[in-house]
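*Asks:* Let me begin by handing over the structure; questions about it come next.
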Amino acid sequence: MNIRSRWESLFRLSGSDQGSGGVLGRIFAAYVGIALLLFAIAAAAALWQTHASVSPKAAMKRMAASVSPQFFIDMIGLESAALKRSGETTFSGGKVGGYLAEMLLHVNPVEPKSLLASEMPGLRGAKRSSADPGSGLIAEGAAPGTGKADGTTGEKIVDNNQSQGGVANPGSEPQKETAIQPTGGTESNGTVPDPGPTKLTTAGRKVVFVYHSHPRESWVPELKVNQANEAEDSQKNITMVGKRLTDKLEEYGIGSVHSGTDYPTSVPGYNWNYSYKYSLQTVKEAVAQNKEITFLFDLHRDSAARDITTASIGGTDYARVYFIVGKKNERWEQNEAFARKIHNKLEAEYPGLSRGIWDKGSGGHAEYNQSVSPNSILIEVGGPYNSLEEAYRTADVLAKTISGLYWDAEKVNAPAAAAVAVK
């Protein structure tokens with residue numbers, strides 16, 4: 001073999017080795033890339049778990065809360081023919097893919113507009129998914145007309161049958177509208193009696209502030225619209241209920257201030273997602289003008305179905321209330337204790353009117369300006385299918401209940417204050 005042939009053979013061998021090495025190098029690089037990606041995902045999950053304070057137990061509870069009772073029944077039915085439901089089930093035909101898409105991606109494959117809902121809030125309806133624990137949620141952090149559920153991490157629900165703060169079963173069926181008899185006094189038409197003249201008064205001191213982070217929440221029957229996501233109005237809305245509550249508290253001798261500020265028109269460049277930023281400024285201004293404000297109530301209208309948000313008391317329909325406490329506030333237990341006092345008193349006098357207390361976890365906003373005062377809570381009054389009259393009746397009951405708690409506390413504190421004055 002001559003020298004030229006040897007050199008050609010050497011180059012061919014070298015090229016073959018380089019080609020093999022190149023393929024192996026690319027495979028190795030791919031494995032390294034995949035390993036780094038998995039490591040990054042694991043690190044992100046660990047950071048999220050730390051930030052959200054999610055324990056494995058809480059995560060399991062959240063997973064269980066994200067599926068409906070029918071899902072569990074259908075799972076059991078796969079193993080036991082005796083328990084299998086008739087007709088279509090969760091696992092029938094092509095429903096599995098749709099179910100997973102809705103649960104994991106919050107997108108309904110058969111409803112194209114759900115793809116745009118996150119960017120165009122008005123497109124979302126009021127329909128609740130099976131992921132919503134309890135009997136219907138507020139869904140702060142979501143847009144007007146939505147279920148407004150922003151995650152269930154670390155959440156605790158106090159059901160209206162658990163006045164001492166027990167945890168409700170997130171997989172239970174929603175409580176339907178029920179006929180209940182109040183133990184407190186009501187007129188024949190179901191309204192709370194006019195308190196009449198009272199000797200009790202805060203003597204001009206304003207101690208209660210009522211406001212609305214979502215002032216345009218309204219009602220389907222009042223606006224004559226067809227869907228819950230259309231129940232938004234600049235005139236006839238939840239601010240009317242807040243004004244009613246404020247006026248009734250004044251009648252009970254409790255100095256109160258109400259803000260009906262319409263942020264969409266009063267805030268330049270208004271963005272619905274910053275609702276609580278706007279309302280926090282309103283709260284700060286009110287407290288600056290009235291130094292003795294102690295109790296703050298952010299009134300909303302929930303977006304659950306009518307059978308969830310309505311209670312029949314003495315043959316008259318009332319809009320049920322739902323207390324929301326944000327756990328992003330480090331002292332949220334104080335706000336919860338305050339909410340529980342109101343809930344328990346309602347249970348004692350108007351059993352079933354309260355839907356309970358929802359301690360919202362770290363998802364979404366979950367603070368609701370409640371760090372301003374330990375006596376600050378968000379109250380949902382009814383839903384989109386209640387009427388203004390039903391909401392007014394509930395406002396009257398709330399005023400009676402809150403004033404009763406206030407004056408009871410004053411009686412307890414008065415002797416102690418007098419003793420300090422004597423010293």
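Following the order of the structure tokens, chains are lettered A, B, ..., residues in each are numbered from 1, and ligands are numbered from 1.
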Near A:His343, within 12 Å and counting only C-alpha atoms, which residues show up once chain neighbours fewer than 2 positions away are dropped, as a PyMOL selection string?
*Replies:* chain A and resi 158-165+320-324+336-341+345-358+377+379+397-398+401-402+405
*Asks:* Would you kindly return, as a ChimeraX atom specification, each protein, DNA or RNA residue with an atom no farther than 8 Å from any atom of A:Asp317, considering only C-alpha atoms and excluding same-chain residues fewer than 6 positions away?
*Replies:* /A:310-311,390
*Asks:* With all heavy atoms kept, could you save the residues just selected as a PDB file, in the first residue's frame?
*Replies:*
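Output below, filename part32.pdb:
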ATOM      1  N   THR A 310     -79.292  31.317  49.028  1.00  0.00           N
ATOM      2  CA  THR A 310     -80.598  31.749  49.518  1.00  0.00           C
ATOM      3  C   THR A 310     -81.073  30.876  50.677  1.00  0.00           C
ATOM      4  O   THR A 310     -80.917  29.652  50.632  1.00  0.00           O
ATOM      5  CB  THR A 310     -81.658  31.693  48.393  1.00  0.00           C
ATOM      6  OG1 THR A 310     -81.150  32.372  47.242  1.00  0.00           O
ATOM      7  CG2 THR A 310     -82.968  32.343  48.832  1.00  0.00           C
ATOM      8  N   ALA A 311     -81.627  31.502  51.692  1.00  0.00           N
ATOM      9  CA  ALA A 311     -82.238  30.776  52.806  1.00  0.00           C
ATOM     10  C   ALA A 311     -83.648  31.319  53.021  1.00  0.00           C
ATOM     11  O   ALA A 311     -83.877  32.527  52.930  1.00  0.00           O
ATOM     12  CB  ALA A 311     -81.413  30.942  54.079  1.00  0.00           C
ATOM     13  N   GLU A 390     -83.892  40.890  48.883  1.00  0.00           N
ATOM     14  CA  GLU A 390     -83.367  39.809  49.719  1.00  0.00           C
ATOM     15  C   GLU A 390     -82.042  40.223  50.363  1.00  0.00           C
ATOM     16  O   GLU A 390     -81.772  39.901  51.522  1.00  0.00           O
ATOM     17  CB  GLU A 390     -83.180  38.549  48.873  1.00  0.00           C
ATOM     18  CG  GLU A 390     -84.491  37.920  48.439  1.00  0.00           C
ATOM     19  CD  GLU A 390     -84.320  36.892  47.329  1.00  0.00           C
ATOM     20  OE1 GLU A 390     -83.207  36.786  46.759  1.00  0.00           O
ATOM     21  OE2 GLU A 390     -85.306  36.196  47.011  1.00  0.00           O
TER      22      GLU A 390
END
*Asks:* Set the distance at 7 Å and use only C-alpha atoms: which residues neighbour A:Ala305 once local chain neighbours fewer than 3 positions away are removed? I'd like the list as an MDAnalysis selection string.
*Replies:* chainID A and resid 308:309 383 385
*Asks:* Could you tell me which of A:Pro221, A:Gly204, A:Gly269, A:Pro374 comes closest to A:Val257 if we count only C-alpha atoms?
*Replies:* A:Gly204
*Asks:* When you look at A:Tyr318 with a cut-off of 10 Å (counting only C-alpha atoms), what residues show up, excluding the ones that are within fewer than 6 positions of it in the same chain? I need them as a list in words.
*Replies:*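 That gives Glu177, Gly190, Thr191, Thr309, Thr310, Ala311, Ser312, Leu353, Val381, Gly382, Asn386, Ser387, Leu388, Glu389, Glu390, Ala391, Tyr392, Arg393, Thr394, Ala395 and Val397 of chain A.
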*Asks:* Output all heavy atoms for every residue in that selection, as a compact mmCIF listing (two decimals), in the first residue's frame.
*Replies:*
# COMPACT_ATOMS: atom_id res chain seq x y z
N GLU A 177 -81.30 25.50 49.22
CA GLU A 177 -82.15 26.46 49.91
C GLU A 177 -83.06 25.72 50.87
O GLU A 177 -83.72 24.76 50.51
CB GLU A 177 -82.96 27.23 48.88
CG GLU A 177 -83.91 28.24 49.47
CD GLU A 177 -84.67 28.98 48.39
OE1 GLU A 177 -84.28 28.87 47.22
OE2 GLU A 177 -85.65 29.65 48.73
N GLY A 190 -91.05 39.12 57.32
CA GLY A 190 -89.71 38.55 57.33
C GLY A 190 -88.60 39.54 57.57
O GLY A 190 -87.45 39.17 57.70
N THR A 191 -88.90 40.84 57.63
CA THR A 191 -87.86 41.84 57.83
C THR A 191 -87.57 42.01 59.32
O THR A 191 -88.38 41.67 60.17
CB THR A 191 -88.27 43.20 57.25
OG1 THR A 191 -89.47 43.63 57.90
CG2 THR A 191 -88.52 43.09 55.76
N THR A 309 -77.09 30.36 47.70
CA THR A 309 -76.99 31.69 48.32
C THR A 309 -78.30 32.19 48.92
O THR A 309 -78.38 33.36 49.29
CB THR A 309 -76.51 32.72 47.29
OG1 THR A 309 -77.49 32.85 46.24
CG2 THR A 309 -75.19 32.30 46.68
N THR A 310 -79.29 31.32 49.03
CA THR A 310 -80.60 31.75 49.52
C THR A 310 -81.07 30.88 50.68
O THR A 310 -80.92 29.65 50.63
CB THR A 310 -81.66 31.69 48.39
OG1 THR A 310 -81.15 32.37 47.24
CG2 THR A 310 -82.97 32.34 48.83
N ALA A 311 -81.63 31.50 51.69
CA ALA A 311 -82.24 30.78 52.81
C ALA A 311 -83.65 31.32 53.02
O ALA A 311 -83.88 32.53 52.93
CB ALA A 311 -81.41 30.94 54.08
N SER A 312 -84.58 30.43 53.28
CA SER A 312 -85.96 30.84 53.56
C SER A 312 -86.16 30.86 55.06
O SER A 312 -86.04 29.84 55.74
CB SER A 312 -86.94 29.86 52.90
OG SER A 312 -88.27 30.25 53.15
N LEU A 353 -78.55 31.15 57.96
CA LEU A 353 -78.35 32.36 57.16
C LEU A 353 -76.88 32.51 56.76
O LEU A 353 -76.57 33.04 55.70
CB LEU A 353 -78.81 33.59 57.94
CG LEU A 353 -78.76 34.92 57.18
CD1 LEU A 353 -79.65 34.88 55.96
CD2 LEU A 353 -79.16 36.09 58.08
N VAL A 381 -72.60 38.75 50.33
CA VAL A 381 -74.03 38.81 50.60
C VAL A 381 -74.77 38.30 49.37
O VAL A 381 -74.89 38.99 48.36
CB VAL A 381 -74.48 40.25 50.95
CG1 VAL A 381 -75.98 40.28 51.22
CG2 VAL A 381 -73.71 40.78 52.14
N GLY A 382 -75.27 37.07 49.45
CA GLY A 382 -76.04 36.51 48.36
C GLY A 382 -75.23 36.24 47.11
O GLY A 382 -73.99 36.28 47.10
N ASN A 386 -79.97 36.36 43.49
CA ASN A 386 -80.79 36.94 44.55
C ASN A 386 -81.32 38.28 44.10
O ASN A 386 -80.87 38.84 43.10
CB ASN A 386 -79.98 37.10 45.84
CG ASN A 386 -79.70 35.78 46.52
OD1 ASN A 386 -78.58 35.28 46.53
ND2 ASN A 386 -80.73 35.20 47.11
N SER A 387 -82.27 38.81 44.84
CA SER A 387 -82.81 40.13 44.53
C SER A 387 -82.24 41.16 45.49
O SER A 387 -81.68 40.82 46.54
CB SER A 387 -84.34 40.12 44.64
OG SER A 387 -84.73 39.92 46.00
N LEU A 388 -82.39 42.42 45.13
CA LEU A 388 -81.93 43.50 46.01
C LEU A 388 -82.70 43.48 47.32
O LEU A 388 -82.12 43.70 48.39
CB LEU A 388 -82.12 44.84 45.30
CG LEU A 388 -81.74 46.10 46.10
CD1 LEU A 388 -80.28 46.04 46.53
CD2 LEU A 388 -82.03 47.36 45.28
N GLU A 389 -83.97 43.18 47.26
CA GLU A 389 -84.78 43.12 48.47
C GLU A 389 -84.28 42.03 49.43
O GLU A 389 -84.22 42.25 50.64
CB GLU A 389 -86.25 42.85 48.12
CG GLU A 389 -87.18 42.86 49.32
CD GLU A 389 -88.63 42.61 48.93
OE1 GLU A 389 -88.88 42.36 47.74
OE2 GLU A 389 -89.51 42.67 49.82
N GLU A 390 -83.89 40.89 48.88
CA GLU A 390 -83.37 39.81 49.72
C GLU A 390 -82.04 40.22 50.36
O GLU A 390 -81.77 39.90 51.52
CB GLU A 390 -83.18 38.55 48.87
CG GLU A 390 -84.49 37.92 48.44
CD GLU A 390 -84.32 36.89 47.33
OE1 GLU A 390 -83.21 36.79 46.76
OE2 GLU A 390 -85.31 36.20 47.01
N ALA A 391 -81.23 40.95 49.61
CA ALA A 391 -79.95 41.42 50.14
C ALA A 391 -80.19 42.48 51.22
O ALA A 391 -79.46 42.52 52.22
CB ALA A 391 -79.09 41.98 49.02
N TYR A 392 -81.20 43.33 51.03
CA TYR A 392 -81.53 44.34 52.04
C TYR A 392 -81.95 43.67 53.36
O TYR A 392 -81.57 44.11 54.44
CB TYR A 392 -82.68 45.22 51.54
CG TYR A 392 -82.25 46.39 50.68
CD1 TYR A 392 -83.18 47.10 49.92
CD2 TYR A 392 -80.92 46.80 50.61
CE1 TYR A 392 -82.81 48.18 49.13
CE2 TYR A 392 -80.54 47.88 49.83
CZ TYR A 392 -81.49 48.56 49.09
OH TYR A 392 -81.12 49.65 48.31
N ARG A 393 -82.76 42.62 53.26
CA ARG A 393 -83.18 41.92 54.48
C ARG A 393 -81.97 41.40 55.25
O ARG A 393 -81.90 41.47 56.48
CB ARG A 393 -84.10 40.76 54.11
CG ARG A 393 -85.46 41.18 53.57
CD ARG A 393 -86.24 39.97 53.12
NE ARG A 393 -87.47 40.36 52.44
CZ ARG A 393 -88.00 39.71 51.42
NH1 ARG A 393 -87.40 38.61 50.95
NH2 ARG A 393 -89.11 40.12 50.86
N THR A 394 -81.03 40.87 54.50
CA THR A 394 -79.82 40.34 55.15
C THR A 394 -78.99 41.47 55.75
O THR A 394 -78.42 41.31 56.84
CB THR A 394 -78.98 39.56 54.13
OG1 THR A 394 -79.76 38.48 53.62
CG2 THR A 394 -77.72 39.01 54.76
N ALA A 395 -78.92 42.60 55.08
CA ALA A 395 -78.19 43.75 55.62
C ALA A 395 -78.80 44.19 56.95
O ALA A 395 -78.09 44.54 57.90
CB ALA A 395 -78.21 44.91 54.62
N VAL A 397 -80.38 42.25 59.08
CA VAL A 397 -80.01 41.24 60.08
C VAL A 397 -78.56 41.42 60.50
O VAL A 397 -78.22 41.33 61.69
CB VAL A 397 -80.24 39.82 59.53
CG1 VAL A 397 -79.66 38.78 60.47
CG2 VAL A 397 -81.73 39.57 59.32
*Asks:* Between atom CA of A:Val283 and atom CA of A:Leu200, what is the distance, to one decimal in Å?
*Replies:*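 So the answer is 26.1 Å.
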*Asks:* Select from stretch 201-315 of chain A everything DSSP, run on the backbone, classes as helix (DSSP H, G or I), then give the selection as number ranges by chain.
*Replies:* A: 220-223, 228-230, 239-251, 263-266, 272-289, 306-309
*Asks:* Just how far from atom CA of A:Ala366 is atom CA of A:Lys327, in Å to one decimal?
*Replies:*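 Distance between the two atoms: 6.0 Å.
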*Asks:* Could you tell me how far atom CA of A:Val267 sits from atom CA of A:Lys284, in Å to one decimal place?
*Replies:*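 Spanning atom CA of A:Lys284 to atom CA of A:Val267 is a straight-line distance of 16.0 Å.
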*Asks:* Considering only C-alpha atoms, state which residue in the set A:Thr294, A:Asn369, A:Gln289, A:Ser259 is at the smallest distance from A:Val208.
*Replies:*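 Result for the nearest residue to A:Val208: A:Thr294.
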*Asks:* Give me the residues within 10 Å of A:Ala399 as a list in words, counting only C-alpha atoms and dropping any in the same chain fewer than 3 places off.
*Replies:* Val192, Arg244, Leu245, Thr246, Asp247, Lys248, Leu249, Glu250, Glu251, Tyr252, Ile254, Thr394, Ala395, Asp396, Ile402, Ser403, Gly404 and Leu405 of chain A
*Asks:* Would you output that residue set with N, CA and C atoms, as a compact mmCIF listing (two decimals), in the first residue's frame?
*Replies:*
# COMPACT_ATOMS: atom_id res chain seq x y z
N VAL A 192 -86.40 42.55 59.61
CA VAL A 192 -86.02 42.78 61.00
C VAL A 192 -86.75 44.01 61.50
N ARG A 244 -77.26 50.46 52.89
CA ARG A 244 -78.34 49.99 53.77
C ARG A 244 -77.77 49.53 55.12
N LEU A 245 -76.68 48.77 55.08
CA LEU A 245 -76.06 48.30 56.31
C LEU A 245 -75.58 49.47 57.16
N THR A 246 -74.96 50.44 56.52
CA THR A 246 -74.46 51.62 57.24
C THR A 246 -75.59 52.39 57.90
N ASP A 247 -76.66 52.61 57.18
CA ASP A 247 -77.81 53.34 57.73
C ASP A 247 -78.42 52.61 58.92
N LYS A 248 -78.54 51.29 58.82
CA LYS A 248 -79.12 50.51 59.91
C LYS A 248 -78.23 50.53 61.14
N LEU A 249 -76.91 50.47 60.93
CA LEU A 249 -75.99 50.56 62.06
C LEU A 249 -76.12 51.91 62.76
N GLU A 250 -76.29 52.96 61.99
CA GLU A 250 -76.51 54.29 62.56
C GLU A 250 -77.78 54.31 63.40
N GLU A 251 -78.82 53.63 62.93
CA GLU A 251 -80.07 53.56 63.69
C GLU A 251 -79.87 52.85 65.02
N TYR A 252 -78.93 51.93 65.06
CA TYR A 252 -78.61 51.23 66.31
C TYR A 252 -77.61 52.00 67.15
N ILE A 254 -74.61 53.19 66.23
CA ILE A 254 -73.20 52.93 65.93
C ILE A 254 -72.76 53.82 64.77
N THR A 394 -81.03 40.87 54.50
CA THR A 394 -79.82 40.34 55.15
C THR A 394 -78.99 41.47 55.75
N ALA A 395 -78.92 42.60 55.08
CA ALA A 395 -78.19 43.75 55.62
C ALA A 395 -78.80 44.19 56.95
N ASP A 396 -80.12 44.13 57.03
CA ASP A 396 -80.80 44.50 58.28
C ASP A 396 -80.42 43.54 59.40
N ILE A 402 -74.38 42.76 64.34
CA ILE A 402 -73.13 43.47 64.61
C ILE A 402 -73.30 44.45 65.76
N SER A 403 -74.42 45.17 65.74
CA SER A 403 -74.66 46.14 66.82
C SER A 403 -74.81 45.44 68.16
N GLY A 404 -75.47 44.28 68.16
CA GLY A 404 -75.61 43.52 69.40
C GLY A 404 -74.25 43.12 69.97
N LEU A 405 -73.37 42.64 69.10
CA LEU A 405 -72.02 42.27 69.54
C LEU A 405 -71.25 43.49 70.03
